[in-house]
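> Before I ask anything, let me first share the structure, which is written out below as structure tokens.
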Amino acid sequence: MAEQLIDMSVVRIDGDTQPRTAINPGIVQEYAETLEAGVEFPAVTVVHDGATYWLVDGFHRFFAHRRLNRAQIKADLIAGELADARWLSVAANKAHGLRRTNEDKAKAVVRALKLKPDLSNPALAEHVGVSVEMVRRYREVLDRQVATVATSPTGSGAPAAHRTGRVGRDGKRYPARSAKRRAAKPAVARNAHQPVRNGRPMPAMTALNMPHDPLMGARALIGQFSADYLRALVAFLSKHLEGATV
């Protein structure tokens with residue numbers, strides 16, 4: 001990396017390289033006051049493709065400089081394309097800077113899975129800086145969403161990573177496990193959907209393995225059900241949490 005001062009005006013922040021779910025205004029103000037007091041911050045990280053400077057790491061520092069109307073910012077320049085910037089961004093802040101929230105980590109994992117779905121769970125976990133278990137959970141959610149689309153009348157095919165295997169941390173490609181080995185045990189009993197003997201058939205049901213993370217759980221529901229169903233579900237849940245009988 002080559003460190004140098006670059007003009008704030010040339011730095012692009014609209015390339016989907018923001019690794020966090022949101023900018024913290026309080027941190028920006030704190031950084032701005034610290035800068036104004038004469039403290040030097042580490043350089044931000046920027047990917048340069050020869051024409052454009054994509055900000056990858058240091059968004060709070062960047063906005064603190066902007067708040068102070070600074071004309072230049074110290075940056076570590078990395079040669080690469082926008083795709084490289086997005087890949088590097090999911091690893092930002094894993095070992096320094098403002099501590100990532102669970103939502104920040106979830107965003108990074110989902111983005112990493114979409115950017116390089118053929119990488120193995122350990123390889124992705126190492127790059128993002130999270131546990132292998134977390135990557136596995138989110139991959140399962142995304143795979144279910146892709147499988148739903150693939151089996152719909154307008155869908156086509158299975159995820160490429162399932163067809164060709166995955167790339168490990170050693171850079172070698174390993175064959176995908178067979179569908180038989182990947183198959184999980186049923187989440188519900190075989191007779192769970194049989195109608196109660198009251199003369200009326202039970203409405204159709206969809207079995208789901210919900211992730212522990214509420215954000216991904218909500219996304220899984222959104223991907224499976226209609227807006228009307230979700231509105232009704234929210235209404236019933238709200239009544240339940242308020243102690244009403246539903």
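Simple scheme: letters A, B, ... for chains in structure tokens order, numbers from 1 for residues in each chain, numbers from 1 for ligands in the order shown.
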Against stretch 40-46 of chain A, which residues of stretch 91-118 of chain A fall within 12 Å? For each one I want the closest pair of atoms and the distance in Å (one decimal), counting only C-alpha atoms, rows by chain and increasing residue number, as a tab-separated table.

residue	atom	partner	partner_atom	distance
A:Ala91	CA	A:Thr45	CA	11.7
A:Ala92	CA	A:Thr45	CA	9.2
A:Asn93	CA	A:Thr45	CA	11.1
A:His96	CA	A:Pro42	CA	10.5
A:Gly97	CA	A:Pro42	CA	9.7
> Write a file of the selected residues as a short mmCIF file (atom, residue, chain, number, x, y, z; two decimals), in the first residue's frame, keeping C-alpha atoms.

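Result file part.cif:
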data_model
loop_
_atom_site.label_atom_id
_atom_site.label_comp_id
_atom_site.auth_asym_id
_atom_site.auth_seq_id
_atom_site.Cartn_x
_atom_site.Cartn_y
_atom_site.Cartn_z
CA ALA A 91 -13.02 -7.34 6.20
CA ALA A 92 -12.81 -3.72 7.40
CA ASN A 93 -12.83 -3.08 11.16
CA HIS A 96 -9.35 -2.15 14.61
CA GLY A 97 -11.55 0.94 14.72
#
> So that I can check the surroundings of A:Val132, please list as a VMD selection string every protein, DNA and RNA residue that reaches within 7 Å of it, counting only C-alpha atoms and ignoring chain neighbours fewer than 4 positions away.
chain A and resid 121 to 122 125 136
> As a PDB file with C-alpha atoms, in the first residue's frame, please: the residues near A:Leu5 (cut-off 9 Å, only C-alpha atoms, same-chain neighbours under 2 positions excluded).

ATOM      1  CA  GLU A   3       0.201   6.211   1.736  1.00  0.00           C
ATOM      2  CA  ASP A   7      -8.250  15.386  -2.178  1.00  0.00           C
ATOM      3  CA  GLN A  72      -7.356  16.447   1.988  1.00  0.00           C
ATOM      4  CA  ILE A  73      -7.198  13.144   3.848  1.00  0.00           C
ATOM      5  CA  LYS A  74      -4.369  10.698   4.423  1.00  0.00           C
ATOM      6  CA  ALA A  75      -5.048   7.427   2.598  1.00  0.00           C
ATOM      7  CA  ASP A  76      -3.460   4.040   2.001  1.00  0.00           C
TER       8      ASP A  76
END
> Determine, for each residue of stretch 96-124 of chain A having at least one atom at most 8 Å from an atom of stretch 16-25 of chain A, the closest pair of atoms and their separation in Å to one decimal, counting only C-alpha atoms; order by chain and ascending number, as CSV.

residue,atom,partner,partner_atom,distance
A:Arg100,CA,A:Arg20,CA,7.5
A:Glu103,CA,A:Thr21,CA,6.7
A:Asp104,CA,A:Arg20,CA,4.8
A:Lys105,CA,A:Arg20,CA,8.0
A:Lys107,CA,A:Thr21,CA,6.9
A:Ala108,CA,A:Pro19,CA,6.3
> Just the strand (DSSP E) stuff from stretch 3-33 of chain A, please, per backbone DSSP, written as number ranges by chain.
A: 3-7, 11-12
> Kindly give the distance, in Å, that separates atom CA of A:Arg12 and atom CA of A:Val56, rounded to a single decimal.
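Separation of atom CA of A:Arg12 and atom CA of A:Val56: 9.5 Å.
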> Point out the residue among A:Ala147, A:Val110, A:Leu55, A:Leu241 with the least atom-to-atom distance to A:Val130, counting only C-alpha atoms.
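Smallest separation from A:Val130 among the options: A:Val110.
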> List every residue of stretch 40-105 of chain A that DSSP, applied to the backbone, labels as helix (DSSP H, G or I), and write the result as a ChimeraX atom specification.
/A:59-67,82-89,102-105
> Give me, please, the distance in Å between atom CA of A:Val47 and atom CA of A:Asp118, quoted to one decimal.
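Result for atom CA of A:Val47 versus atom CA of A:Asp118: 23.6 Å, one decimal.
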